[in-house]
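Student: Input: one structure, supplied below.
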There are 2 protein chains.
Amino acid sequence: MMKRRVSRQIKIGGVAIGGGAPIVVQSMTSTDTRDVRSTIKQIKELEEVDCELVRVAVPDAEAARAIADIKKGIGIPLIADIHFDYRLALMALEAGADGLRLNPGNIVEAEKVKAVVLAAKERGIPIRIGVNAGSLPNAGNPKLSVAERMVEAALEQMRLLESLDFDLIKVSLKAFDVPTMVEANESLAKKMPYPIHLGVTEAGTPKRGVIRSAVGIGTLLYLGIGDTIRVSLTAHPREEVIAGYEILKSLDLRQHGPVLVSCPSCGRAEVDIVKLAEEVEEQLIKINKPVKVAVMGCVVNGPGEAKDADVGIACGKGKGVIFRKGKKVGTVAEKDFVTALMREVEEIIN
Amino acid sequence: MMKRRVSRQIKIGGVAIGGGAPIVVQSMTSTDTRDVRSTIKQIKELEEVDCELVRVAVPDAEAARAIADIKKGIGIPLIADIHFDYRLALMALEAGADGLRLNPGNIVEAEKVKAVVLAAKERGIPIRIGVNAGSLPNAGNPKLSVAERMVEAALEQMRLLESLDFDLIKVSLKAFDVPTMVEANESLAKKMPYPIHLGVTEAGTPKRGVIRSAVGIGTLLYLGIGDTIRVSLTAHPREEVIAGYEILKSLDLRQHGPVLVSCPSCGRAEVDIVKLAEEVEEQLIKINKPVKVAVMGCVVNGPGEAKDADVGIACGKGKGVIFRKGKKVGTVAEKDFVTALMREVEEIIN
């Protein structure tokens, strides 16, 4: 059975991360942060799909200052993503950011990091040490693997933060290459007590990117590692949040709306299961309570194979058997499949 | 680093499974097997996306007999999927099936299994012991977990096959619940030498089903377990094959056409990365050689973060930098992004 690594808990805004808290789903805006209205609009869209933390890029001073206004319009904690210029981190703190992400690969001078840490400490704001395989600091032993260099970069920055008596720390080691990312995080998890944020960088477009992210993030979660996740996709960030919950649901780590069990259809099926499952999936979008629904292509295997489902339909020629927890509760004609199934779903959740 | 479990190799048709062979991607037809023409057509569609083994449902005698004609029209080995009636297995062997899948949950009488095994042995045809969490044999210790009962069911059937001096065995333990499926396979892998087929049953529609499958199959592959895979989706089986290769590619276990690295876009990006990545993805469909292509949203991080890519573009305002292996090779205007990138891709693969 999966045993979760217990990390030291931190809080970003009101959201607990690590220390046995539910695994948190985050995303990042793709808007221009300086455009306050568009950024708020996108964050509200993320809140609608239950994004729990949002990160925004802070490429310049105007973006850092915009955080103050963005914060007024949103309901979830905001993390400022800082690269290159430590002064942007100071400005983001000033503007009310709930968390900072620093990249040790491009803010390398200890004095500059110190200035940020002291300002964060004063406000009780956590810092994520966010290492990317593609932007590692130049220093480091060339004999080490990329994964080992990622761990080293994180530990070095961590030691600096700890030397300033700062422990509101979260760490991430991201890479496009999944074995590198998994290996790095497995190694890191044994070496430090802080919560870990998981992600696969530049994973790609939704169709392929979700697979790469699910393999990398899912493997680590199964191994008990990971306190918060972001699925990076080249898409509207809403898709990242939806995919994040699906990964967590697949490992029974979070509940989030309905779970649809549907058979792949085969030469046994006597109805169009693909079409039926799509229709049911469409209907289930409206349901925000956890309920497990099964759409099965044959009466013979259906109820047995989906007996864990709260409600399901096993379809034969022209008619289907509605079942609850594997027990038959009625028979309906093909034209009524979707309505009959959804009636049961409504009954169960109410 | 990932170390693969080395299993005993079997061959289905000409396709090697286990024993260090590349991990094989399979799928299953959704056509009525008795409809020879439609089934051949669908298998040809699967061959086009490099499906390496195909399974067909055999619900009755007519379906079993159809295998002889289907075999004439296809280029990949065919596996007959048998439930309930052992005589259908005998008929499928007679008709030339290259492999059999038996479900120990519904063909339980030893004498019937024996008849099938002896016929398979005579022809040198492998048998997959295909256990599903939802159709476990009734017997078994109720104190055991579902995962443990799955392993027990497989081992019991395996002992029967071995007692008949039959070792052309492959095993699968499938479940909808990913932790159950991973735990069962981890346990099984330590207990027997045969190759393992991986899959998550009834995983659902493409959007959610690929995530569930990627987590379950991907975790086991990372742990070194798995010799062949099927992604079960409620969709055209072509999608199963494409998703299967994506899982394998994400773990560097197979090469299969291009890999697209694309950043998620953020407040730093000055062009529409989502649109650009989609256009590039569309163009890459035509390419069937392994090439790693990067589409990055900013000139600052782009080339560095995608330096493993064979070719890439890092986009700034109105213009982009084309790079190869992280080295800049030219600058192009926004209207030429896709054509310039694809020109480089063509050059590299030729």
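Every chain in the structure tokens takes a letter, A first, then B, and so on in the order presented; its residues are numbered from 1, and the ligands are numbered from 1 following the presented order.
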Could you pull out the residues in region 167-244 of chain A that DSSP calls strand (DSSP E or B) from the backbone, as an NGL selection string?

Tutor: :A and (169-175 or 196-198 or 200 or 203 or 228-229)

Student: With a cut-off of 7 Å and counting only C-alpha atoms, select all residues of chain B in contact with chain A and give the selection as a ChimeraX atom specification.

Tutor: /B:1,29-33,56-57,59,134-135,177-179,183,202-205,208,210-212,214-215,218-219,232-235,246-247,250-251,260-268,274,277,304-306

Student: Would you compute the distance between CA of Ala64 (chain B) and CA of Ala119 (chain B)? Give it in Å to one decimal.

Tutor: 15.0 Å

Student: For Ala95 (chain B), work out the shell of residues within 8 Å, counting only C-alpha atoms and skipping chain neighbours fewer than 4 positions away, then give it as a PyMOL selection string.

Tutor: chain B and resi 64-68+91

Student: Near Gln26 (chain A), counting only C-alpha atoms, which residues have an atom at most 7 Å away, once you skip same-chain residues fewer than 2 positions from it, shown as a ChimeraX atom specification?

Tutor: /A:24,51-54,229-230,241

Student: Quick one, how far is CA of Lys325 (chain A) from CA of Glu152 (chain B)?

Tutor: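 Taking CA of Lys325 (chain A) as the start and CA of Glu152 (chain B) as the end point, the length is 24.3 Å.
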
Student: Which one of B:Lys3, B:Arg37, B:Arg87, B:Lys170 sits closest to Asp227 (chain B) if you count only C-alpha atoms?

Tutor: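 That would be B:Lys170, the residue with the smallest distance to Asp227 (chain B).
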
Student: Using DSSP on the backbone coordinates, identify all residues within region 1-51 of chain A classified as helix (DSSP H, G or I); present the result as an NGL selection string.

Tutor: :A and (36-48)

Student: Store the residues of this selection in a file with all heavy atoms, as a short mmCIF file (atom, residue, chain, number, x, y, z; two decimals), in the first residue's frame.

Tutor:
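For reference, selection09.cif as written:
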data_model
loop_
_atom_site.label_atom_id
_atom_site.label_comp_id
_atom_site.auth_asym_id
_atom_site.auth_seq_id
_atom_site.Cartn_x
_atom_site.Cartn_y
_atom_site.Cartn_z
N VAL A 36 -4.15 43.44 -15.27
CA VAL A 36 -4.83 43.00 -14.03
C VAL A 36 -6.18 42.37 -14.32
O VAL A 36 -6.52 41.31 -13.80
CB VAL A 36 -4.97 44.20 -13.05
CG1 VAL A 36 -5.83 43.82 -11.85
CG2 VAL A 36 -3.59 44.66 -12.60
N ARG A 37 -6.95 43.01 -15.19
CA ARG A 37 -8.30 42.52 -15.45
C ARG A 37 -8.28 41.10 -16.05
O ARG A 37 -9.00 40.21 -15.59
CB ARG A 37 -9.02 43.50 -16.39
CG ARG A 37 -10.44 43.06 -16.71
CD ARG A 37 -11.09 43.94 -17.73
NE ARG A 37 -11.40 45.25 -17.13
CZ ARG A 37 -12.30 46.08 -17.65
NH1 ARG A 37 -12.98 45.75 -18.74
NH2 ARG A 37 -12.54 47.24 -17.08
N SER A 38 -7.44 40.90 -17.07
CA SER A 38 -7.37 39.56 -17.70
C SER A 38 -6.85 38.52 -16.73
O SER A 38 -7.28 37.37 -16.73
CB SER A 38 -6.44 39.59 -18.93
OG SER A 38 -6.92 40.48 -19.88
N THR A 39 -5.90 38.93 -15.90
CA THR A 39 -5.32 37.97 -14.96
C THR A 39 -6.34 37.56 -13.91
O THR A 39 -6.47 36.38 -13.58
CB THR A 39 -4.04 38.57 -14.34
OG1 THR A 39 -3.13 38.91 -15.39
CG2 THR A 39 -3.37 37.59 -13.39
N ILE A 40 -7.08 38.54 -13.40
CA ILE A 40 -8.14 38.21 -12.43
C ILE A 40 -9.17 37.29 -13.09
O ILE A 40 -9.59 36.29 -12.52
CB ILE A 40 -8.83 39.49 -11.89
CG1 ILE A 40 -7.87 40.22 -10.93
CG2 ILE A 40 -10.14 39.14 -11.17
CD1 ILE A 40 -8.40 41.55 -10.42
N LYS A 41 -9.55 37.62 -14.33
CA LYS A 41 -10.56 36.81 -15.03
C LYS A 41 -10.08 35.36 -15.14
O LYS A 41 -10.83 34.42 -14.87
CB LYS A 41 -10.81 37.41 -16.41
CG LYS A 41 -11.80 36.65 -17.26
CD LYS A 41 -12.18 37.44 -18.52
CE LYS A 41 -13.05 36.62 -19.46
NZ LYS A 41 -12.28 35.58 -20.21
N GLN A 42 -8.82 35.19 -15.51
CA GLN A 42 -8.32 33.82 -15.67
C GLN A 42 -8.24 33.09 -14.32
O GLN A 42 -8.55 31.91 -14.22
CB GLN A 42 -6.95 33.81 -16.36
CG GLN A 42 -6.56 32.41 -16.80
CD GLN A 42 -5.29 32.39 -17.63
OE1 GLN A 42 -4.21 32.62 -17.13
NE2 GLN A 42 -5.43 32.13 -18.92
N ILE A 43 -7.84 33.82 -13.29
CA ILE A 43 -7.77 33.17 -11.97
C ILE A 43 -9.16 32.76 -11.49
O ILE A 43 -9.35 31.68 -10.92
CB ILE A 43 -7.05 34.09 -10.94
CG1 ILE A 43 -5.58 34.26 -11.35
CG2 ILE A 43 -7.14 33.50 -9.52
CD1 ILE A 43 -4.78 35.27 -10.53
N LYS A 44 -10.17 33.59 -11.78
CA LYS A 44 -11.55 33.21 -11.43
C LYS A 44 -11.96 31.93 -12.19
O LYS A 44 -12.64 31.08 -11.64
CB LYS A 44 -12.54 34.34 -11.78
CG LYS A 44 -12.32 35.64 -11.03
CD LYS A 44 -12.32 35.49 -9.54
CE LYS A 44 -13.61 35.88 -8.87
NZ LYS A 44 -13.51 35.64 -7.40
N GLU A 45 -11.52 31.83 -13.43
CA GLU A 45 -11.82 30.60 -14.21
C GLU A 45 -11.15 29.39 -13.56
O GLU A 45 -11.69 28.29 -13.55
CB GLU A 45 -11.35 30.76 -15.67
CG GLU A 45 -12.23 31.69 -16.48
CD GLU A 45 -11.56 32.21 -17.77
OE1 GLU A 45 -10.37 31.89 -18.01
OE2 GLU A 45 -12.23 32.94 -18.51
N LEU A 46 -9.96 29.62 -13.03
CA LEU A 46 -9.26 28.53 -12.34
C LEU A 46 -9.95 28.16 -11.03
O LEU A 46 -10.05 26.99 -10.67
CB LEU A 46 -7.80 28.93 -12.08
CG LEU A 46 -6.94 29.06 -13.34
CD1 LEU A 46 -5.55 29.60 -12.99
CD2 LEU A 46 -6.82 27.71 -14.03
N GLU A 47 -10.45 29.17 -10.34
CA GLU A 47 -11.17 28.90 -9.09
C GLU A 47 -12.41 28.06 -9.35
O GLU A 47 -12.77 27.18 -8.56
CB GLU A 47 -11.57 30.22 -8.41
CG GLU A 47 -10.38 30.97 -7.81
CD GLU A 47 -10.77 32.32 -7.22
OE1 GLU A 47 -11.98 32.61 -7.06
OE2 GLU A 47 -9.86 33.12 -6.92
N GLU A 48 -13.06 28.31 -10.50
CA GLU A 48 -14.26 27.55 -10.84
C GLU A 48 -14.01 26.04 -10.93
O GLU A 48 -14.88 25.24 -10.67
CB GLU A 48 -14.83 28.03 -12.18
CG GLU A 48 -15.85 29.12 -12.02
CD GLU A 48 -16.22 29.73 -13.37
OE1 GLU A 48 -16.32 28.98 -14.37
OE2 GLU A 48 -16.38 30.96 -13.42
#

Student: Do you know which residues are at most 12 Å from Ser163 (chain A) counting only C-alpha atoms, after dropping those on the same chain fewer than 3 positions away, and could you put them as a ChimeraX atom specification?

Tutor: /A:110,113-114,117-118,156-160,166-167
